[in-house]
>>> print(open('model.cif').read())   # mmCIF, C-alpha atoms
data_structure
loop_
_atom_site.group_PDB
_atom_site.id
_atom_site.type_symbol
_atom_site.label_atom_id
_atom_site.label_comp_id
_atom_site.auth_asym_id
_atom_site.auth_seq_id
_atom_site.Cartn_x
_atom_site.Cartn_y
_atom_site.Cartn_z
ATOM 1 C CA MET A 1 0.000 0.000 0.000
ATOM 2 C CA THR A 2 1.190 3.525 -0.765
ATOM 3 C CA ALA A 3 -0.128 6.890 0.334
ATOM 4 C CA ARG A 4 -1.984 8.840 -2.353
ATOM 5 C CA ILE A 5 -1.162 12.539 -2.188
ATOM 6 C CA GLY A 6 -3.111 14.909 -4.411
ATOM 7 C CA VAL A 7 -1.650 18.135 -5.806
ATOM 8 C CA VAL A 8 -4.139 20.791 -6.887
ATOM 9 C CA THR A 9 -3.532 22.723 -10.105
ATOM 10 C CA PHE A 10 -5.150 26.164 -10.243
ATOM 11 C CA PRO A 11 -4.906 28.473 -13.266
ATOM 12 C CA GLY A 12 -1.482 30.020 -12.682
ATOM 13 C CA SER A 13 -0.045 27.321 -10.409
ATOM 14 C CA LEU A 14 3.678 26.911 -11.119
ATOM 15 C CA ASP A 15 5.043 24.280 -8.789
ATOM 16 C CA ASP A 16 2.392 21.582 -9.104
ATOM 17 C CA ARG A 17 4.639 19.280 -11.153
ATOM 18 C CA ASP A 18 7.541 19.746 -8.751
ATOM 19 C CA ALA A 19 5.263 18.947 -5.814
ATOM 20 C CA MET A 20 4.091 15.772 -7.551
ATOM 21 C CA ARG A 21 7.700 14.802 -8.223
ATOM 22 C CA ALA A 22 8.522 15.380 -4.561
ATOM 23 C CA VAL A 23 5.653 13.075 -3.537
ATOM 24 C CA ARG A 24 7.003 10.332 -5.816
ATOM 25 C CA LEU A 25 10.591 10.811 -4.583
ATOM 26 C CA ALA A 26 9.289 10.397 -1.030
ATOM 27 C CA GLY A 27 7.679 7.090 -1.978
ATOM 28 C CA GLY A 28 4.087 8.229 -2.371
ATOM 29 C CA GLU A 29 1.672 8.102 -5.255
ATOM 30 C CA ALA A 30 1.123 11.576 -6.723
ATOM 31 C CA VAL A 31 -2.386 12.336 -7.926
ATOM 32 C CA SER A 32 -3.140 15.364 -10.079
ATOM 33 C CA LEU A 33 -6.217 17.288 -8.896
ATOM 34 C CA PHE A 34 -7.862 20.124 -10.827
ATOM 35 C CA HIS A 35 -9.400 23.282 -9.384
ATOM 36 C CA SER A 36 -12.725 22.941 -11.204
ATOM 37 C CA ASP A 37 -13.295 19.290 -10.196
ATOM 38 C CA PRO A 38 -14.610 19.083 -6.622
ATOM 39 C CA SER A 39 -13.575 15.411 -6.268
ATOM 40 C CA LEU A 40 -10.444 14.556 -4.311
ATOM 41 C CA HIS A 41 -10.250 11.179 -6.133
ATOM 42 C CA ASP A 42 -9.679 9.181 -2.945
ATOM 43 C CA VAL A 43 -6.410 10.857 -2.009
ATOM 44 C CA ASP A 44 -5.117 10.616 1.567
ATOM 45 C CA ALA A 45 -3.549 14.084 1.670
ATOM 46 C CA VAL A 46 -3.535 17.285 -0.387
ATOM 47 C CA VAL A 47 -0.818 19.746 -1.394
ATOM 48 C CA LEU A 48 -1.734 23.260 -2.554
ATOM 49 C CA PRO A 49 1.315 24.232 -4.607
ATOM 50 C CA GLY A 50 3.131 27.501 -5.221
ATOM 51 C CA GLY A 51 2.665 29.853 -8.120
ATOM 52 C CA PHE A 52 0.443 32.777 -8.988
ATOM 53 C CA SER A 53 -3.096 31.401 -9.055
ATOM 54 C CA TYR A 54 -5.328 33.785 -11.009
ATOM 55 C CA GLY A 55 -2.328 36.072 -11.461
ATOM 56 C CA ASP A 56 -2.515 37.077 -7.786
ATOM 57 C CA TYR A 57 -5.430 39.300 -8.850
ATOM 58 C CA LEU A 58 -7.414 40.884 -6.007
ATOM 59 C CA ARG A 59 -5.041 39.357 -3.398
ATOM 60 C CA ALA A 60 -2.743 36.336 -3.592
ATOM 61 C CA GLY A 61 -4.921 33.245 -3.203
ATOM 62 C CA ALA A 62 -8.155 35.257 -2.916
ATOM 63 C CA ILE A 63 -9.810 33.893 -6.050
ATOM 64 C CA ALA A 64 -8.394 30.364 -5.892
ATOM 65 C CA ARG A 65 -10.040 29.887 -2.514
ATOM 66 C CA PHE A 66 -13.455 29.957 -4.228
ATOM 67 C CA ALA A 67 -12.502 27.157 -6.682
ATOM 68 C CA PRO A 68 -14.942 24.212 -6.571
ATOM 69 C CA ILE A 69 -12.262 21.875 -5.204
ATOM 70 C CA MET A 70 -11.595 24.119 -2.195
ATOM 71 C CA GLU A 71 -14.924 23.360 -0.558
ATOM 72 C CA THR A 72 -13.977 19.664 -0.600
ATOM 73 C CA VAL A 73 -10.454 20.440 0.635
ATOM 74 C CA VAL A 74 -11.841 22.465 3.560
ATOM 75 C CA ASP A 75 -14.219 19.647 4.540
ATOM 76 C CA ALA A 76 -11.407 17.092 4.324
ATOM 77 C CA ALA A 77 -9.041 19.315 6.320
ATOM 78 C CA ASN A 78 -11.662 19.785 9.024
ATOM 79 C CA GLY A 79 -11.999 16.003 9.070
ATOM 80 C CA GLY A 80 -8.271 15.635 9.756
ATOM 81 C CA MET A 81 -6.796 15.064 6.301
ATOM 82 C CA PRO A 82 -3.198 16.322 6.014
ATOM 83 C CA VAL A 83 -3.098 19.482 3.877
ATOM 84 C CA LEU A 84 0.102 21.345 3.008
ATOM 85 C CA GLY A 85 0.060 24.828 1.465
ATOM 86 C CA ILE A 86 3.330 25.988 -0.057
ATOM 87 C CA CYS A 87 3.813 29.692 -0.865
ATOM 88 C CA ASN A 88 0.720 30.547 -2.943
ATOM 89 C CA GLY A 89 -0.879 27.466 -1.382
ATOM 90 C CA PHE A 90 -0.229 28.982 2.065
ATOM 91 C CA GLN A 91 -1.874 32.197 0.870
ATOM 92 C CA VAL A 92 -4.906 30.172 -0.285
ATOM 93 C CA LEU A 93 -5.091 28.466 3.149
ATOM 94 C CA THR A 94 -5.222 31.840 4.919
ATOM 95 C CA GLU A 95 -7.796 33.252 2.500
ATOM 96 C CA VAL A 96 -10.022 30.200 3.041
ATOM 97 C CA HIS A 97 -9.543 30.577 6.843
ATOM 98 C CA LEU A 98 -7.986 27.171 7.445
ATOM 99 C CA LEU A 99 -5.011 29.104 8.847
ATOM 100 C CA PRO A 100 -5.070 32.532 10.543
ATOM 101 C CA GLY A 101 -3.336 35.705 9.390
ATOM 102 C CA SER A 102 -2.451 36.813 5.893
ATOM 103 C CA MET A 103 0.457 37.638 3.608
ATOM 104 C CA ILE A 104 1.249 41.112 2.332
ATOM 105 C CA LYS A 105 3.930 42.377 -0.041
ATOM 106 C CA ASN A 106 7.533 41.849 1.043
ATOM 107 C CA GLU A 107 8.714 44.713 3.232
ATOM 108 C CA HIS A 108 11.472 45.601 0.725
ATOM 109 C CA LEU A 109 9.003 45.336 -2.212
ATOM 110 C CA HIS A 110 11.275 43.094 -4.249
ATOM 111 C CA PHE A 111 10.608 39.594 -5.454
ATOM 112 C CA ILE A 112 13.133 37.479 -3.589
ATOM 113 C CA CYS A 113 14.634 34.114 -4.520
ATOM 114 C CA ARG A 114 17.221 32.514 -2.258
ATOM 115 C CA ASP A 115 18.161 29.392 -0.366
ATOM 116 C CA GLN A 116 16.627 30.051 3.044
ATOM 117 C CA THR A 117 17.430 28.512 6.402
ATOM 118 C CA LEU A 118 14.467 27.732 8.665
ATOM 119 C CA ARG A 119 14.137 26.275 12.114
ATOM 120 C CA ILE A 120 11.594 23.514 12.674
ATOM 121 C CA GLU A 121 9.631 24.823 15.676
ATOM 122 C CA ASN A 122 7.012 22.091 15.715
ATOM 123 C CA ALA A 123 7.977 18.537 14.766
ATOM 124 C CA ASP A 124 4.578 17.079 15.644
ATOM 125 C CA THR A 125 2.523 18.227 12.637
ATOM 126 C CA ALA A 126 1.454 15.799 9.932
ATOM 127 C CA TRP A 127 4.163 17.258 7.675
ATOM 128 C CA THR A 128 7.110 17.564 10.106
ATOM 129 C CA THR A 129 7.404 14.344 12.138
ATOM 130 C CA GLU A 130 10.558 13.319 10.250
ATOM 131 C CA TYR A 131 12.361 16.380 11.630
ATOM 132 C CA ARG A 132 13.540 17.214 15.141
ATOM 133 C CA LYS A 133 12.264 20.262 16.988
ATOM 134 C CA GLY A 134 14.970 22.912 16.679
ATOM 135 C CA GLU A 135 16.498 21.336 13.575
ATOM 136 C CA GLU A 136 17.602 23.821 10.912
ATOM 137 C CA ILE A 137 16.929 23.089 7.258
ATOM 138 C CA THR A 138 17.705 24.986 4.060
ATOM 139 C CA ILE A 139 15.192 25.081 1.219
ATOM 140 C CA PRO A 140 14.477 27.568 -1.604
ATOM 141 C CA LEU A 141 12.263 30.598 -0.997
ATOM 142 C CA LYS A 142 10.809 32.706 -3.830
ATOM 143 C CA ASN A 143 7.990 35.154 -3.397
ATOM 144 C CA GLN A 144 6.717 38.674 -3.697
ATOM 145 C CA ASP A 145 3.865 38.648 -1.177
ATOM 146 C CA GLY A 146 5.578 36.715 1.580
ATOM 147 C CA GLN A 147 5.308 38.963 4.612
ATOM 148 C CA TYR A 148 3.210 37.046 7.137
ATOM 149 C CA VAL A 149 1.037 39.345 9.246
ATOM 150 C CA ALA A 150 -1.600 38.818 11.943
ATOM 151 C CA ASP A 151 -2.774 40.865 14.904
ATOM 152 C CA GLU A 152 -0.805 40.611 18.137
ATOM 153 C CA HIS A 153 -3.470 38.519 19.835
ATOM 154 C CA THR A 154 -3.377 35.935 17.037
ATOM 155 C CA LEU A 155 0.434 35.924 17.058
ATOM 156 C CA ASP A 156 0.502 35.379 20.830
ATOM 157 C CA GLU A 157 -2.007 32.572 20.478
ATOM 158 C CA LEU A 158 0.044 30.901 17.732
ATOM 159 C CA GLU A 159 3.189 31.162 19.850
ATOM 160 C CA GLY A 160 1.452 29.931 22.996
ATOM 161 C CA GLU A 161 -0.035 26.895 21.305
ATOM 162 C CA GLY A 162 3.187 25.957 19.514
ATOM 163 C CA ARG A 163 1.594 26.648 16.180
ATOM 164 C CA VAL A 164 4.493 28.604 14.724
ATOM 165 C CA ALA A 165 5.836 25.618 12.797
ATOM 166 C CA PHE A 166 8.819 27.240 11.040
ATOM 167 C CA ARG A 167 10.856 30.367 11.679
ATOM 168 C CA TYR A 168 13.411 32.096 9.449
ATOM 169 C CA VAL A 169 16.955 31.809 10.796
ATOM 170 C CA GLY A 170 19.685 34.416 10.336
ATOM 171 C CA PHE A 171 17.778 36.549 7.852
ATOM 172 C CA ASN A 172 14.121 37.457 7.582
ATOM 173 C CA PRO A 173 13.562 37.631 3.808
ATOM 174 C CA ASN A 174 10.241 39.482 3.772
ATOM 175 C CA GLY A 175 9.663 41.250 7.096
ATOM 176 C CA SER A 176 7.242 38.624 8.412
ATOM 177 C CA ARG A 177 6.019 39.093 11.986
ATOM 178 C CA ARG A 178 8.205 37.339 14.556
ATOM 179 C CA ASP A 179 10.270 35.761 11.743
ATOM 180 C CA ILE A 180 7.399 33.370 11.006
ATOM 181 C CA ALA A 181 7.955 31.231 7.917
ATOM 182 C CA GLY A 182 5.029 28.864 8.410
ATOM 183 C CA ILE A 183 2.258 27.860 10.795
ATOM 184 C CA THR A 184 -0.048 24.954 11.574
ATOM 185 C CA ASN A 185 -3.649 24.605 12.693
ATOM 186 C CA ALA A 186 -4.332 23.390 16.232
ATOM 187 C CA ARG A 187 -4.795 19.787 15.129
ATOM 188 C CA GLY A 188 -1.485 19.773 13.225
ATOM 189 C CA ASN A 189 -2.883 18.413 9.964
ATOM 190 C CA VAL A 190 -3.021 21.737 8.075
ATOM 191 C CA VAL A 191 0.377 23.359 7.550
ATOM 192 C CA GLY A 192 1.348 26.361 5.441
ATOM 193 C CA LEU A 193 4.725 27.932 4.737
ATOM 194 C CA MET A 194 6.260 30.393 2.300
ATOM 195 C CA PRO A 195 9.504 28.522 1.429
ATOM 196 C CA HIS A 196 9.443 25.563 -0.953
ATOM 197 C CA PRO A 197 10.285 22.098 0.426
ATOM 198 C CA GLU A 198 9.362 20.475 -2.916
ATOM 199 C CA HIS A 199 12.353 22.175 -4.571
ATOM 200 C CA ALA A 200 14.800 20.465 -2.199
ATOM 201 C CA THR A 201 13.996 16.782 -2.620
ATOM 202 C CA GLU A 202 16.468 15.423 -5.175
ATOM 203 C CA PRO A 203 20.286 15.653 -5.274
ATOM 204 C CA GLY A 204 21.348 17.748 -8.255
ATOM 205 C CA PHE A 205 18.328 20.036 -8.115
ATOM 206 C CA GLY A 206 18.302 21.379 -4.550
ATOM 207 C CA PRO A 207 20.114 24.151 -2.668
ATOM 208 C CA ASP A 208 23.862 23.982 -2.076
ATOM 209 C CA SER A 209 24.806 22.022 1.020
ATOM 210 C CA LEU A 210 28.003 20.978 2.766
ATOM 211 C CA GLU A 211 28.060 17.943 0.505
ATOM 212 C CA GLY A 212 28.361 20.100 -2.610
ATOM 213 C CA GLY A 213 26.486 22.244 -5.094
ATOM 214 C CA ARG A 214 22.738 21.618 -5.416
ATOM 215 C CA THR A 215 22.865 18.537 -3.212
ATOM 216 C CA GLY A 216 20.391 19.743 -0.583
ATOM 217 C CA THR A 217 17.343 17.563 0.018
ATOM 218 C CA ASP A 218 16.135 19.076 3.285
ATOM 219 C CA GLY A 219 12.576 19.389 1.961
ATOM 220 C CA LEU A 220 11.990 15.684 1.451
ATOM 221 C CA GLY A 221 11.031 15.211 5.097
ATOM 222 C CA PHE A 222 7.750 17.084 4.617
ATOM 223 C CA PHE A 223 6.551 14.436 2.231
ATOM 224 C CA THR A 224 8.024 11.405 4.003
ATOM 225 C CA SER A 225 6.429 12.686 7.240
ATOM 226 C CA ALA A 226 2.980 12.743 5.686
ATOM 227 C CA ILE A 227 3.416 9.378 3.985
ATOM 228 C CA LYS A 228 4.673 7.677 7.161
ATOM 229 C CA GLY A 229 1.817 9.142 9.153
ATOM 230 C CA LEU A 230 -0.748 7.993 6.629
ATOM 231 C CA LEU A 231 0.648 4.477 6.406
ATOM 232 C CA ALA A 232 0.760 4.197 10.200
ATOM 233 C CA THR A 233 -2.930 5.028 10.525
ATOM 234 C CA ALA A 234 -4.039 2.991 7.481
ATOM 235 C CA MET B 1 -27.754 50.889 -14.635
ATOM 236 C CA ALA B 2 -25.956 52.254 -11.612
ATOM 237 C CA THR B 3 -22.398 52.043 -10.375
ATOM 238 C CA ILE B 4 -21.406 51.372 -6.802
ATOM 239 C CA LEU B 5 -17.966 52.352 -5.623
ATOM 240 C CA VAL B 6 -16.194 50.127 -3.109
ATOM 241 C CA HIS B 7 -13.042 51.569 -1.612
ATOM 242 C CA VAL B 8 -10.625 49.271 0.249
ATOM 243 C CA MET B 9 -7.540 50.419 2.161
ATOM 244 C CA PRO B 10 -4.820 48.542 4.044
ATOM 245 C CA LYS B 11 -5.504 48.673 7.789
ATOM 246 C CA PRO B 12 -3.734 51.625 9.432
ATOM 247 C CA GLU B 13 -1.726 49.338 11.720
ATOM 248 C CA ILE B 14 -0.551 47.164 8.816
ATOM 249 C CA LEU B 15 2.596 48.332 7.092
ATOM 250 C CA ASP B 16 1.792 49.360 3.503
ATOM 251 C CA PRO B 17 4.990 48.647 1.509
ATOM 252 C CA GLN B 18 3.539 49.918 -1.775
ATOM 253 C CA GLY B 19 2.313 53.185 -0.281
ATOM 254 C CA LYS B 20 5.665 53.665 1.409
ATOM 255 C CA ALA B 21 7.484 53.225 -1.918
ATOM 256 C CA VAL B 22 5.099 55.652 -3.655
ATOM 257 C CA GLY B 23 5.575 58.198 -0.873
ATOM 258 C CA SER B 24 9.350 58.074 -1.054
ATOM 259 C CA ALA B 25 9.268 58.231 -4.881
ATOM 260 C CA LEU B 26 7.152 61.389 -4.736
ATOM 261 C CA ALA B 27 9.626 63.009 -2.359
ATOM 262 C CA ARG B 28 12.534 61.961 -4.544
ATOM 263 C CA LEU B 29 10.857 63.400 -7.645
ATOM 264 C CA GLY B 30 10.516 66.783 -6.053
ATOM 265 C CA PHE B 31 6.834 66.827 -5.130
ATOM 266 C CA GLU B 32 7.380 68.833 -2.007
ATOM 267 C CA GLY B 33 5.044 68.902 0.926
ATOM 268 C CA ILE B 34 3.744 65.370 0.517
ATOM 269 C CA ASP B 35 4.594 63.639 3.745
ATOM 270 C CA SER B 36 3.584 60.063 2.963
ATOM 271 C CA ALA B 37 1.277 57.924 0.845
ATOM 272 C CA ARG B 38 -0.935 54.917 1.357
ATOM 273 C CA GLN B 39 -2.238 52.797 -1.493
ATOM 274 C CA GLY B 40 -5.630 51.107 -1.602
ATOM 275 C CA LYS B 41 -8.058 49.665 -4.127
ATOM 276 C CA ARG B 42 -11.119 51.113 -5.812
ATOM 277 C CA PHE B 43 -13.753 48.789 -7.264
ATOM 278 C CA GLU B 44 -16.617 49.967 -9.471
ATOM 279 C CA LEU B 45 -19.510 47.521 -9.521
ATOM 280 C CA THR B 46 -22.111 47.954 -12.225
ATOM 281 C CA ILE B 47 -25.586 47.176 -10.936
ATOM 282 C CA ASP B 48 -28.319 45.822 -13.149
ATOM 283 C CA GLY B 49 -31.447 47.761 -12.125
ATOM 284 C CA GLU B 50 -32.217 49.938 -9.162
ATOM 285 C CA VAL B 51 -29.921 50.227 -6.144
ATOM 286 C CA THR B 52 -32.135 49.212 -3.239
ATOM 287 C CA ASP B 53 -31.112 48.752 0.381
ATOM 288 C CA ALA B 54 -31.009 45.027 -0.278
ATOM 289 C CA VAL B 55 -28.588 45.539 -3.174
ATOM 290 C CA LEU B 56 -26.386 47.781 -1.060
ATOM 291 C CA GLU B 57 -26.423 45.207 1.720
ATOM 292 C CA LYS B 58 -25.324 42.526 -0.738
ATOM 293 C CA VAL B 59 -22.523 44.746 -2.027
ATOM 294 C CA ARG B 60 -21.369 45.462 1.536
ATOM 295 C CA GLU B 61 -21.294 41.725 2.187
ATOM 296 C CA ALA B 62 -19.209 41.133 -0.972
ATOM 297 C CA ALA B 63 -16.927 44.028 -0.005
ATOM 298 C CA GLY B 64 -16.293 42.580 3.443
ATOM 299 C CA SER B 65 -15.855 38.955 2.424
ATOM 300 C CA VAL B 66 -14.385 38.931 -1.087
ATOM 301 C CA LEU B 67 -13.171 42.367 -2.192
ATOM 302 C CA SER B 68 -11.267 42.838 1.054
ATOM 303 C CA ASN B 69 -9.498 40.579 3.521
ATOM 304 C CA PRO B 70 -10.492 41.813 6.998
ATOM 305 C CA VAL B 71 -7.194 40.593 8.427
ATOM 306 C CA ILE B 72 -5.233 43.206 6.479
ATOM 307 C CA GLU B 73 -7.768 45.585 4.905
ATOM 308 C CA ASP B 74 -10.729 47.820 5.760
ATOM 309 C CA VAL B 75 -13.676 48.677 3.545
ATOM 310 C CA VAL B 76 -13.668 52.459 4.002
ATOM 311 C CA GLU B 77 -16.437 53.406 1.603
ATOM 312 C CA VAL B 78 -19.411 51.916 -0.232
ATOM 313 C CA THR B 79 -21.313 54.565 -2.221
ATOM 314 C CA VAL B 80 -23.515 54.861 -5.273
ATOM 315 C CA LEU B 81 -21.777 56.928 -7.946
#
>>> encode(input="model.cif", output="structure tokens")
Amino acid sequence: MTARIGVVTFPGSLDDRDAMRAVRLAGGEAVSLFHSDPSLHDVDAVVLPGGFSYGDYLRAGAIARFAPIMETVVDAANGGMPVLGICNGFQVLTEVHLLPGSMIKNEHLHFICRDQTLRIENADTAWTTEYRKGEEITIPLKNQDGQYVADEHTLDELEGEGRVAFRYVGFNPNGSRRDIAGITNARGNVVGLMPHPEHATEPGFGPDSLEGGRTGTDGLGFFTSAIKGLLATA
Amino acid sequence: MATILVHVMPKPEILDPQGKAVGSALARLGFEGIDSARQGKRFELTIDGEVTDAVLEKVREAAGSVLSNPVIEDVVEVTVL
């Protein structure tokens, strides 16, 4: 038995194929899902990939969240299904209120693309069990609207409940509040982050690491975490 | 046919990077006396038929739930043009 992980393609998604490749590299079965089809086709988990759904018109993720498939994704997420939102996918998760807060334009106004170091702050979510709390990983980050914001009360609540899942280390690339790179819902099944784990899953195509150029595969753990969790409960 | 204007602005307590860039560009270009700028969004909704209270209520609902994100933005104006 293998875990079936669906990746949703919206008009303007960019990283859907990479996310599917990451699922396969982690040992899962990648299933292509389409925004206009409300069926999840019996998948066990869902990834909302990066990109510029609907050209970021209105606000990043604001139109994608009304796609027919999102109603099904929200129901499944509320039922406990693991859902991972990467970059634009994270923006969609906040717009659809599965995660609190929102993303605004980077503080410095520039699009930024770099290998980014993060600290795993919560290793108990459906997507982070293969990491250790406090572990630092390096994965690519590329965004324009990446500055995570929420009111102080929400931020305090996230901190208090251990729901800040990832924090930028060394350099905050977009001015996000409290160096937040990603968060989780209370149950730990819905996780969103701005950096891109799916781009660091195969030697030769990842960030530079101590082992050599482009060897970094620090992002693979997101997908192996979900797959292990799914197989354990199957 | 009538047109309803919906005006959305970033919340005052939220940093507005675009407005900040516009403000500093204006100063740089010699437009003296302008202290700062904030940038929002203006929507013009064309209404089929008469603008009743019910229509305005529906527009306000759309403004608060779709045209703006209450986490980062305020609807500052809904008026019939």
>>> closest_residue(input="model.cif", among="B:His7, B:Gln39, B:Ala62, B:Ala21", to="chain A", atoms="all atoms listed in the file")
B:Ala21
>>> resolve_selection(input="model.cif", expression="the PyMOL selection byres ((chain B and resi 37) around 12)", output="PyMOL selection string")
chain B and resi 9-10+12+15-27+33-36+38-40
>>> residues_around(input="model.cif", residues="Glu136 in chain A", least_positions_apart="4", cutoff="9 Å", atoms="all atoms listed in the file", output="NGL selection string")
:A and (117-120 or 132 or 169)
>>> atom_distance(input="model.cif", atom1="CA of Pro38 in chain A", atom2="CA of Thr233 in chain A")
25.1 Å
>>> residues_around(input="model.cif", residues="Ala63 in chain B", least_positions_apart="4", cutoff="12 Å", atoms="all atoms listed in the file", output="list in words")
Leu58 of chain A; Ile4, Leu5, Val6, His7, Val8, Met9, Lys41, Arg42, Phe43, Glu44, Leu45, Leu56, Glu57, Lys58, Val59, Leu67, Ser68, Asn69, Pro70, Glu73, Asp74, Val75, Val76, Glu77, Val78 and Thr79 of chain B
>>> resolve_selection(input="model.cif", expression="the PyMOL selection byres ((chain A and resi 188-199) around 8)", output="count of residues only")
49
>>> closest_residue(input="model.cif", among="A:Leu230, A:Ile180, A:Ala60, A:Val31", to="chain B", atoms="all atoms listed in the file")
A:Ala60
>>> closest_residue(input="model.cif", among="B:Phe31, B:Ile14, B:Ala54, B:Arg60", to="chain A", atoms="all atoms listed in the file")
B:Ile14
>>> closest_atom_pairs(input="model.cif", of="chain A", to="chain B", cutoff="8 Å", atoms="all atoms listed in the file", output="tab-separated table")
residue	atom	partner	partner_atom	distance
A:Leu58	CA	B:Leu67	CA	7.1
A:Ala62	CA	B:Val66	CA	7.5
A:Glu95	CA	B:Asn69	CA	7.6
A:Gly101	CA	B:Val71	CA	6.3
A:Ser102	CA	B:Val71	CA	6.6
A:Ile104	CA	B:Ile72	CA	8.0
A:Lys105	CA	B:Pro17	CA	6.5
A:Asn106	CA	B:Pro17	CA	7.3
A:Glu107	CA	B:Pro17	CA	5.7
A:His108	CA	B:Pro17	CA	7.2
A:Leu109	CA	B:Pro17	CA	6.4
A:Val149	CA	B:Ile72	CA	7.9
A:Ala150	CA	B:Val71	CA	6.8
A:Asp151	CA	B:Val71	CA	7.8
>>> atom_distance(input="model.cif", atom1="CA of Ala2 in chain B", atom2="CA of Asp53 in chain B")
13.5 Å
>>> atom_distance(input="model.cif", atom1="CA of Thr215 in chain A", atom2="CA of Arg114 in chain A")
15.1 Å
>>> resolve_selection(input="model.cif", expression="the PyMOL selection byres ((chain A and resi 226) around 9)", output="PDB file with C-alpha atoms, keeping the file's coordinate frame")
ATOM      1  CA  ALA A   3      -0.128   6.890   0.334  1.00  0.00           C
ATOM      2  CA  ILE A   5      -1.162  12.539  -2.188  1.00  0.00           C
ATOM      3  CA  ALA A  45      -3.549  14.084   1.670  1.00  0.00           C
ATOM      4  CA  PRO A  82      -3.198  16.322   6.014  1.00  0.00           C
ATOM      5  CA  THR A 125       2.523  18.227  12.637  1.00  0.00           C
ATOM      6  CA  ALA A 126       1.454  15.799   9.932  1.00  0.00           C
ATOM      7  CA  TRP A 127       4.163  17.258   7.675  1.00  0.00           C
ATOM      8  CA  THR A 128       7.110  17.564  10.106  1.00  0.00           C
ATOM      9  CA  THR A 129       7.404  14.344  12.138  1.00  0.00           C
ATOM     10  CA  GLU A 130      10.558  13.319  10.250  1.00  0.00           C
ATOM     11  CA  GLY A 221      11.031  15.211   5.097  1.00  0.00           C
ATOM     12  CA  PHE A 222       7.750  17.084   4.617  1.00  0.00           C
ATOM     13  CA  PHE A 223       6.551  14.436   2.231  1.00  0.00           C
ATOM     14  CA  THR A 224       8.024  11.405   4.003  1.00  0.00           C
ATOM     15  CA  SER A 225       6.429  12.686   7.240  1.00  0.00           C
ATOM     16  CA  ILE A 227       3.416   9.378   3.985  1.00  0.00           C
ATOM     17  CA  LYS A 228       4.673   7.677   7.161  1.00  0.00           C
ATOM     18  CA  GLY A 229       1.817   9.142   9.153  1.00  0.00           C
ATOM     19  CA  LEU A 230      -0.748   7.993   6.629  1.00  0.00           C
ATOM     20  CA  LEU A 231       0.648   4.477   6.406  1.00  0.00           C
TER      21      LEU A 231
END
